[in-house]
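Asks: I'd like to ask some things about the structure below.
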Amino acid sequence: MPVVTETLDTVQSVTQSGYKWGFETHIEMDLAPKGLNEDIIRLISDRKQEPAWLLDWRLKAYAAWLKMEEPHWARVDHPKIDYQDLHYYAAPKKKQGPKSLDEVDPELLRTYEKLGIPLKERAILAGVDPGDAEEAARTPVAVDAVFDSVSVATTFRETLSKAGVIFCPISEAVRDYPDLVQQYLGSVVPVADNFYAALNSAVFTDGSFVFIPKGVRCPMELSTYFRINARSTGQFERTLIVAEEGSYVSYLEGCTAPMRDENQLHAAVVELVALDDAQIKYSTVQNWYPGDAEGRGGIYNFVTKRGACRGARSKISWTQVETGSAITWKYPSCVLQGEDSVGEFYSVAVTNNHQQADTGTKMIHLGRGSRSTIVSKGISAGHSNNTYRGLVRIAPQAAGARNFTQCDSLLIGDQCGAHTVPYIESRNRTAKVEHEATTSKIAEDQLFYCRQRGLSEEDAVGLIVNGFCKDVLKELPMEFAVEAQKLLAVSLEGSVG
Amino acid sequence: MTAALPSGAAGFLARYAALRDLLPGDPALRDAAAEAFRTAGLPGATQGRRPEAWKYTTLRPLADARFQSTAEDTNGGVPPAAMTALLARAPTLDAPRLVFVNGAYRADLSTPPALFARFADQPDFGTLTWPDREPLVALNTMLAADGALLDVLDDTDAGVVELVHLSTDGTAAHPRHCIRLGTNARLTLLDVAIGDGSYLHNPVTEVHVAAGATLTHARLQDESDRAYHLATTYAGVAGDATYDSFTLTLGGRVGRNEMHALLAAPRATAHLNAAQLLTGTQHADFTSVVRHDAPSCTSRQTVKNVLNGRARGVFQGRIEVARVAQKTDGYQMNQALLLSPDAEIDSKPELEIFADDVKCSHGATVGELDIEQLFYLKSRGIPDAEARAILVRAFLAEALDAVSQETVRAALEQSVERWWERQAA
């Protein structure tokens with residue numbers, strides 16, 4: 001049973017190291033003064049050498065944000081955030097924009113090493129020829145590594161550009177492809193969509209831009225590593241992925257963050273656009289610092305993710321494994337505008353200790369024959385609270401729309417909470433909507449069976465939980481699936497016995 | 001009656017100011033409720049954000065409504081012939097019957113059981129309701145003038161009692177009912193609401209089921225299609241006791257049935273079943289909260305909506321499981337059948353769980369009639385309309401089967417039949 005061995009190894013390695021990814025890199029930071037006002041926004045825009053339209057766009061977002069209130073409907077509880085006590089701009093100090101990887105700060109490269117960026121990319125970061133055909137043939141992964149707020153290196157640019165794929169930091173895209181960015185930025189998540197999205201629109205410093213032209217199947221999985229590093233810097237990433245007619249892309253996002261005491265705010269926005277027959281697969285493993293066993297510290301993860309299936313037969317699939325963050329507020333959604341378009345949401349959310357997760361999805365059916373599938377697995381342990389909150393809306397014009405939703409919650413221990421809040425709104429009689437939800441604990445007989453075969457209680461729980469999440473984990477790309485399995489076991493560590 | 005009568009919430013507050021010293025019971029309690037109502041207003045009718053509990057139902061139309069009277073001044077004014085005609089629409093059971101007209105008890109129309117008393121004589125606001133949280137409970141507490149108090153003694157089977165509320169055009173009634181069952185007692189209550197014209201019927205019912213007792217509470221809401229029916233029920237269920245309720249909604253322009261069941265001691269059981277048959281521009285909301293506050297309790301819920309025309313059905317159901325409520329068994333099923341292109345269903349089944357050794361699940365389905373089933377029937381020579389009716393009846397039968405008391409179930413089935421006849425006409 002390889003999984004068992006793996007779980008055993010993982011538990012062992014982690015019990016010894018605590019939060020494995022909790023280290024801090026010391027690099028000189030270029031910090032803007034604390035606080036948020038028009039001047040800071042102008043400063044960000046100026047530093048990024050942005051065109052005037054983007055500055056106007058930011059200022060519009062800021063004006064909207066000033067009039068908005070923090071959302072209070074989620075089942076999360078945290079001290080009031082002082083938005084004036086944060087740095088809104090932090091960039092790793094650099095000589096000149098690094099043109100090649102050799103110029104990248106070796107300290108950064110070591111950070112990626114610690115982060116566990118796959119060996120191959122590290123080799124490439126270290127200067128191995130990316131054009132090597134043999135190398136590229138083996139399941140290549142392109143990495144746009146984000147260190148704090150500025151992308152420092154992008155690999156596989158050559159291979160991608162040969163295919164016509166654009167994969168670059170969004171600030172670069174603003175410079176190099178202003179028309180594309182202007183056309184799509186904010187078209188899925190408008191500047192005043194919600195409090196955190198408006199904040200992000202005003203102050204976002206970096207993120208990724210992906211453009212897959214007509215009929216192109218992206219030759220490799222695209223991957224971004226996000227990492228929050230500087231003390232008291234909010235992270236406001238902005239990701240925009242556009243898949244033209246008939247194209248396909250799989251995008252991976254993974255995060256770790258250093259251990260620290262004070263809460264950090266992360267308010268990212270991800271926008272996806274899929275045109276006719278295009279497919280976007282977006283996978284996330286989120287493992288930010290969840291705070292310590294007493295609930296001190298940890299990341300506040302308030303993220304707006306939304307995909308628009310604009311074209312006929314387009315498909316957007318969200319897969320997420322959420323194990324980190326002190327608070328998660330995140331609802332990756334699909335607006336199914338195209339005829340016969342497809343939206344999918346596969347989620348595993350694990351909370352332990354004092355973590356709070358309020359996550360789910362929205363499937364807005366507008367197109368005829370649009371279909372959606374939601375599979376959500378919530379696991380609560382310790383003193384945590386885990387909420388699934390989702391919306392399925394069938395508009396009057398969405399004839400023949402179809403939704404299936406399955407939400408399962410697992411409780412480990414009697415001090416945690418598991419909540420399910422689905423909203424189902426149907427205005428077309430030819431649509432069919434099905435929703436199922438269950439809440440239970442790990443069955444005694446399953447546990448007994450595993451224990452009787454010599455597994456420790458903790459390993460048995462890890463095994464059963466992995467089985468509980470299988471429907472979601474199998475949707476992940478292979479390398480992520482392995483990482484996710486380990487994460488599950490690690491996140492639940494200390495929750496039994 | 002002056003022409004300058006204020007509308008909406010202000011109208012109710014003005015009425016309270018006029019009636020305050022005439023109403024029975026503790027004025028301090030009513031004053032507090034009035035204050036809560038003044039602050040909250042009618043959900044959806046005031047500026048600002050609508051409370052989450054009222055996400056899908058707005059009382060905006062009530063903001064402009066003027067109700068000229070409450071019980072005291074109209075009771076005598078309703079012509080007896082009109083009353084008899086209305087009353088004829090209520091199911092006839094071979095059982096004691098209590099009749100209220102526009103919120104006031106009518107001895108001349110009633111055949112009361114021994115266990116009955118009037119709220120007007122023995123004002124009792126109960127202990128379970130939250131006027132400060134529920135604007136409609138506040139409104140009722142502020143203006144309640146009469147209601148039925150039923151007290152079933154320990155180890156007594158009180159059989160069946162029918163409670164009928166009749167409303168007439170332009171009135172607003174806020175009856176306050178309280179039903180208490182002693183240890184091992186039994187009662188079946190058929191609660192009927194009927195009326196003519198445009199009016200508000202805003203009853204609050206408090207139920208106490210003591211250890212080992214069983215209350216079967218069937219409600220038939222067959223109000224006028226211009227009526228506002230806003231009913232709130234709070235039920236406290238003790239150990240080994242059962243509160244078995246079924247709500248059939250057929251009438252009303254805007255209807256809301258809000259039910260709170262509190263399972264307070266081990267092995268308590270609550271059934272909050274319902275069926276809503278709506279057509280035209282009707283809007284009906286069935287909102288329930290089941291609170292598991294003790295171990296080994298059971299809750300069951302099957303709620304079915306059949307929606308035709310431009311009707312809108314709403315289901316909100318929450319199961320709350322407290323930390324202590326281990327071995328909870330909770331189940332909730334919500335199904336909606338959309339018969340017309342313009343019908344709408346909004347459904348929100350919620351689970352809120354703080355105990356780990358529980359078995360809770362909910363399911364929801366929304367769709368139209370199964371085309372294959374329809375084809376099967378039609379291929380056997382059954383005309384389309386009839387085939388559809390058979391399938392809808394089968395869909396409803398499952399919900400009505402939950403009513404175990406046979407005479408009551410028969411009465412509800414008959415009302416459903418009459419609803420069909422009205423659709424065909």
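Letters A, B, ... go to the chains of the structure tokens in the order shown; residues in each chain start at 1; ligands are counted from 1 in the same order.
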Which residues, written as a VMD selection string, have at least one atom at most 12 Å from B:Gly309, with only C-alpha atoms counted and residues fewer than 3 positions away on the same chain left out?

Replies: (chain A and resid 427 429) or (chain B and resid 277 to 283 306 312 to 313 338 to 344 423)

Asks: For chain B versus chain A, which residues have an atom no more than 8 Å away, and what is each residue's nearest atom pair and distance in Å rounded to one decimal, using only C-alpha atoms, chain-then-number order, as a Markdown table?

Replies:
| residue | atom | partner | partner_atom | distance |
| --- | --- | --- | --- | --- |
| B:Arg323 | CA | A:Asp414 | CA | 7.0 |
| B:Leu337 | CA | A:Arg429 | CA | 7.7 |
| B:Leu338 | CA | A:Arg429 | CA | 4.9 |
| B:Leu339 | CA | A:Arg429 | CA | 6.6 |
| B:Ser340 | CA | A:Arg429 | CA | 6.5 |
| B:Pro341 | CA | A:Arg429 | CA | 5.8 |
| B:Asp342 | CA | A:Arg427 | CA | 6.7 |
| B:Ala343 | CA | A:Arg427 | CA | 6.2 |
| B:Glu344 | CA | A:Arg427 | CA | 4.5 |
| B:Ile345 | CA | A:Ser426 | CA | 5.3 |
| B:Asp346 | CA | A:Glu425 | CA | 4.3 |
| B:Ser347 | CA | A:Ile424 | CA | 4.8 |
| B:Lys348 | CA | A:Tyr423 | CA | 4.6 |
| B:Pro349 | CA | A:Pro422 | CA | 6.3 |
| B:Glu350 | CA | A:Val421 | CA | 4.7 |
| B:Leu351 | CA | A:Thr420 | CA | 4.8 |
| B:Glu352 | CA | A:His419 | CA | 4.4 |
| B:Ile353 | CA | A:Ala418 | CA | 5.1 |
| B:Phe354 | CA | A:Gly417 | CA | 4.3 |
| B:Ala355 | CA | A:Asp414 | CA | 5.3 |
| B:Asp356 | CA | A:Asp414 | CA | 5.1 |
| B:Asp357 | CA | A:Lys441 | CA | 5.8 |
| B:Val358 | CA | A:Ser440 | CA | 5.5 |
| B:Lys359 | CA | A:Ser440 | CA | 5.3 |
| B:Cys360 | CA | A:Thr439 | CA | 5.2 |
| B:Ser361 | CA | A:Thr438 | CA | 4.1 |
| B:His362 | CA | A:Ala437 | CA | 5.2 |
| B:Gly363 | CA | A:Glu436 | CA | 4.4 |
| B:Ala364 | CA | A:His435 | CA | 4.8 |
| B:Thr365 | CA | A:Glu434 | CA | 4.4 |
| B:Val366 | CA | A:Val433 | CA | 4.9 |
| B:Gly367 | CA | A:Lys432 | CA | 4.6 |
| B:Glu368 | CA | A:Arg429 | CA | 5.2 |

Asks: Restricting the calculation to only C-alpha atoms: of B:Leu220, B:Ala120, B:Cys297, B:Leu87, which residue gets closest to B:Leu412?

Replies: B:Leu220

Asks: B:Ala95: which residues within 7 Å, counting only C-alpha atoms, same-chain residues fewer than 6 positions away excluded, as a list in words?

Replies: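 Listing them by chain and then by number gives Val160, Val161 and Glu162 of chain B.
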
Asks: Using DSSP on the backbone, list every residue of stretch 213-453 of chain A that comes out as alpha helix (DSSP H), and give them as number ranges by chain.

Replies: A: 444-452

Asks: Can you write just those residues out, N, CA, C and O atoms, as a PDB file, in the first residue's frame?

Replies:
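Ended up saving to result.pdb:
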ATOM      1  N   GLU A 444     -16.797   3.954  12.667  1.00  0.00           N
ATOM      2  CA  GLU A 444     -16.031   3.133  13.604  1.00  0.00           C
ATOM      3  C   GLU A 444     -15.533   1.850  12.929  1.00  0.00           C
ATOM      4  O   GLU A 444     -14.417   1.414  13.163  1.00  0.00           O
ATOM      5  N   ASP A 445     -16.383   1.278  12.076  1.00  0.00           N
ATOM      6  CA  ASP A 445     -15.997  -0.003  11.487  1.00  0.00           C
ATOM      7  C   ASP A 445     -14.845   0.154  10.494  1.00  0.00           C
ATOM      8  O   ASP A 445     -13.957  -0.683  10.420  1.00  0.00           O
ATOM      9  N   GLN A 446     -14.835   1.292   9.767  1.00  0.00           N
ATOM     10  CA  GLN A 446     -13.709   1.547   8.858  1.00  0.00           C
ATOM     11  C   GLN A 446     -12.414   1.690   9.653  1.00  0.00           C
ATOM     12  O   GLN A 446     -11.377   1.121   9.311  1.00  0.00           O
ATOM     13  N   LEU A 447     -12.520   2.450  10.726  1.00  0.00           N
ATOM     14  CA  LEU A 447     -11.361   2.707  11.567  1.00  0.00           C
ATOM     15  C   LEU A 447     -10.855   1.393  12.175  1.00  0.00           C
ATOM     16  O   LEU A 447      -9.667   1.088  12.176  1.00  0.00           O
ATOM     17  N   PHE A 448     -11.804   0.615  12.643  1.00  0.00           N
ATOM     18  CA  PHE A 448     -11.475  -0.665  13.268  1.00  0.00           C
ATOM     19  C   PHE A 448     -10.764  -1.573  12.271  1.00  0.00           C
ATOM     20  O   PHE A 448      -9.760  -2.197  12.574  1.00  0.00           O
ATOM     21  N   TYR A 449     -11.291  -1.584  11.060  1.00  0.00           N
ATOM     22  CA  TYR A 449     -10.717  -2.427  10.015  1.00  0.00           C
ATOM     23  C   TYR A 449      -9.245  -2.075   9.789  1.00  0.00           C
ATOM     24  O   TYR A 449      -8.376  -2.944   9.729  1.00  0.00           O
ATOM     25  N   CYS A 450      -8.983  -0.793   9.672  1.00  0.00           N
ATOM     26  CA  CYS A 450      -7.606  -0.345   9.423  1.00  0.00           C
ATOM     27  C   CYS A 450      -6.705  -0.638  10.622  1.00  0.00           C
ATOM     28  O   CYS A 450      -5.574  -1.089  10.467  1.00  0.00           O
ATOM     29  N   ARG A 451      -7.220  -0.366  11.806  1.00  0.00           N
ATOM     30  CA  ARG A 451      -6.428  -0.569  13.023  1.00  0.00           C
ATOM     31  C   ARG A 451      -6.093  -2.050  13.173  1.00  0.00           C
ATOM     32  O   ARG A 451      -4.992  -2.420  13.552  1.00  0.00           O
ATOM     33  N   GLN A 452      -7.056  -2.869  12.841  1.00  0.00           N
ATOM     34  CA  GLN A 452      -6.906  -4.303  12.988  1.00  0.00           C
ATOM     35  C   GLN A 452      -5.828  -4.811  12.047  1.00  0.00           C
ATOM     36  O   GLN A 452      -5.219  -5.844  12.282  1.00  0.00           O
TER      37      GLN A 452
END

Asks: Just the residues within 7 Å of stretch 269-284 of chain A, please, counting only C-alpha atoms, with nothing from its chain fewer than 6 positions along; format it as a ChimeraX atom specification.

Replies: /A:188-189,197,200,237-254,303-321,476

Asks: Within 10 Å of B:Glu35, counting only C-alpha atoms, which residues show up once you throw out same-chain ones fewer than 3 positions away? Write them as an NGL selection string, please.

Replies: :B and (13 or 29-32 or 38-41 or 131-132 or 138-139 or 142)

Asks: Need to verify the contact set: B:Ala265, 10 Å, only C-alpha atoms, exclusion of same-chain residues closer than 2 positions in sequence. Can you return it as a list in words?

Replies: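 Skipping anything fewer than 2 positions along the chain leaves Ala210, Ala211, Gly236, Val237, Ala238, Gly239, Asp240, Ala241, Leu262, Leu263, Arg267, Ala268, Thr269, His292, Asp293, Ala294, Pro295, Ser296, Cys297 and Ala325 of chain B.
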
Asks: Hey, can you check how far atom CA of B:Pro112 sits from atom CA of B:Leu86?

Replies: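 Computing it gives 18.9 Å between the two atoms.
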
Asks: Can you list, as a list in words, every protein, DNA or RNA residue that comes within 12 Å of B:Ala394 when you count only C-alpha atoms, leaving out same-chain residues fewer than 5 positions away?

Replies: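 Final neighbour list, sorted by chain and number: Lys304, Val306, Leu337, Leu369, Gln373, Ala387, Arg388, Ala389, Ala399, Leu400 and Asp401 of chain B.
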
Asks: Selected residues, N, CA, C and O atoms, written as a PDB file, in the first residue's frame, please.

Replies:
ATOM      1  N   LYS B 304     -42.369  19.593  -0.590  1.00  0.00           N
ATOM      2  CA  LYS B 304     -42.559  19.516  -2.043  1.00  0.00           C
ATOM      3  C   LYS B 304     -43.262  20.762  -2.562  1.00  0.00           C
ATOM      4  O   LYS B 304     -44.216  21.241  -1.952  1.00  0.00           O
ATOM      5  N   VAL B 306     -45.122  22.325  -6.015  1.00  0.00           N
ATOM      6  CA  VAL B 306     -45.627  22.167  -7.382  1.00  0.00           C
ATOM      7  C   VAL B 306     -45.982  23.562  -7.865  1.00  0.00           C
ATOM      8  O   VAL B 306     -46.837  24.230  -7.275  1.00  0.00           O
ATOM      9  N   LEU B 337     -41.324  20.778  -8.517  1.00  0.00           N
ATOM     10  CA  LEU B 337     -41.766  20.440  -9.851  1.00  0.00           C
ATOM     11  C   LEU B 337     -42.204  21.744 -10.506  1.00  0.00           C
ATOM     12  O   LEU B 337     -43.103  22.426 -10.017  1.00  0.00           O
ATOM     13  N   LEU B 369     -41.719  17.558 -15.142  1.00  0.00           N
ATOM     14  CA  LEU B 369     -42.161  16.172 -15.155  1.00  0.00           C
ATOM     15  C   LEU B 369     -41.245  15.351 -16.051  1.00  0.00           C
ATOM     16  O   LEU B 369     -40.776  15.818 -17.077  1.00  0.00           O
ATOM     17  N   GLN B 373     -41.598   9.151 -18.170  1.00  0.00           N
ATOM     18  CA  GLN B 373     -42.782   8.700 -17.433  1.00  0.00           C
ATOM     19  C   GLN B 373     -44.048   9.143 -18.171  1.00  0.00           C
ATOM     20  O   GLN B 373     -45.020   8.388 -18.281  1.00  0.00           O
ATOM     21  N   ALA B 387     -52.353  12.438 -17.945  1.00  0.00           N
ATOM     22  CA  ALA B 387     -51.073  11.814 -17.603  1.00  0.00           C
ATOM     23  C   ALA B 387     -50.254  12.743 -16.703  1.00  0.00           C
ATOM     24  O   ALA B 387     -49.654  12.311 -15.711  1.00  0.00           O
ATOM     25  N   ARG B 388     -50.266  14.023 -17.038  1.00  0.00           N
ATOM     26  CA  ARG B 388     -49.541  15.000 -16.209  1.00  0.00           C
ATOM     27  C   ARG B 388     -50.119  15.035 -14.800  1.00  0.00           C
ATOM     28  O   ARG B 388     -49.383  15.039 -13.806  1.00  0.00           O
ATOM     29  N   ALA B 389     -51.457  15.042 -14.740  1.00  0.00           N
ATOM     30  CA  ALA B 389     -52.107  15.095 -13.436  1.00  0.00           C
ATOM     31  C   ALA B 389     -51.739  13.870 -12.596  1.00  0.00           C
ATOM     32  O   ALA B 389     -51.466  13.981 -11.396  1.00  0.00           O
ATOM     33  N   ALA B 399     -45.596  13.236  -0.165  1.00  0.00           N
ATOM     34  CA  ALA B 399     -45.592  14.208   0.923  1.00  0.00           C
ATOM     35  C   ALA B 399     -46.800  14.001   1.833  1.00  0.00           C
ATOM     36  O   ALA B 399     -46.681  13.972   3.060  1.00  0.00           O
ATOM     37  N   LEU B 400     -47.971  13.820   1.219  1.00  0.00           N
ATOM     38  CA  LEU B 400     -49.184  13.676   2.025  1.00  0.00           C
ATOM     39  C   LEU B 400     -49.194  12.379   2.839  1.00  0.00           C
ATOM     40  O   LEU B 400     -49.801  12.317   3.902  1.00  0.00           O
ATOM     41  N   ASP B 401     -48.505  11.377   2.339  1.00  0.00           N
ATOM     42  CA  ASP B 401     -48.426  10.115   3.079  1.00  0.00           C
ATOM     43  C   ASP B 401     -47.859  10.300   4.479  1.00  0.00           C
ATOM     44  O   ASP B 401     -48.090   9.487   5.366  1.00  0.00           O
TER      45      ASP B 401
END

Asks: Enumerate as a ChimeraX atom specification all residues of stretch 238-442 of chain A assigned to strand (DSSP E or B) by DSSP on the backbone, naming them with the chain letters and numbers the document uses.

Replies: /A:238-243,248-256,264-266,269-274,279-287,299-309,315-322,327-330,333-336,342-351,356-359,362-365,371-381,385-394,402-412,417-426,432-441

Asks: What gap, in Å, lies between atom CA of A:Phe345 and atom CA of A:Ser372?

Replies: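 Interatomic distance, atom CA of A:Phe345 to atom CA of A:Ser372: 8.1 Å.
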
Asks: Report the distance between atom CA of A:Gly382 and atom CA of A:Gln286 in Å, rounded to one decimal place.

Replies: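 Answer for the atom CA of A:Gly382 to atom CA of A:Gln286 separation: 19.2 Å.
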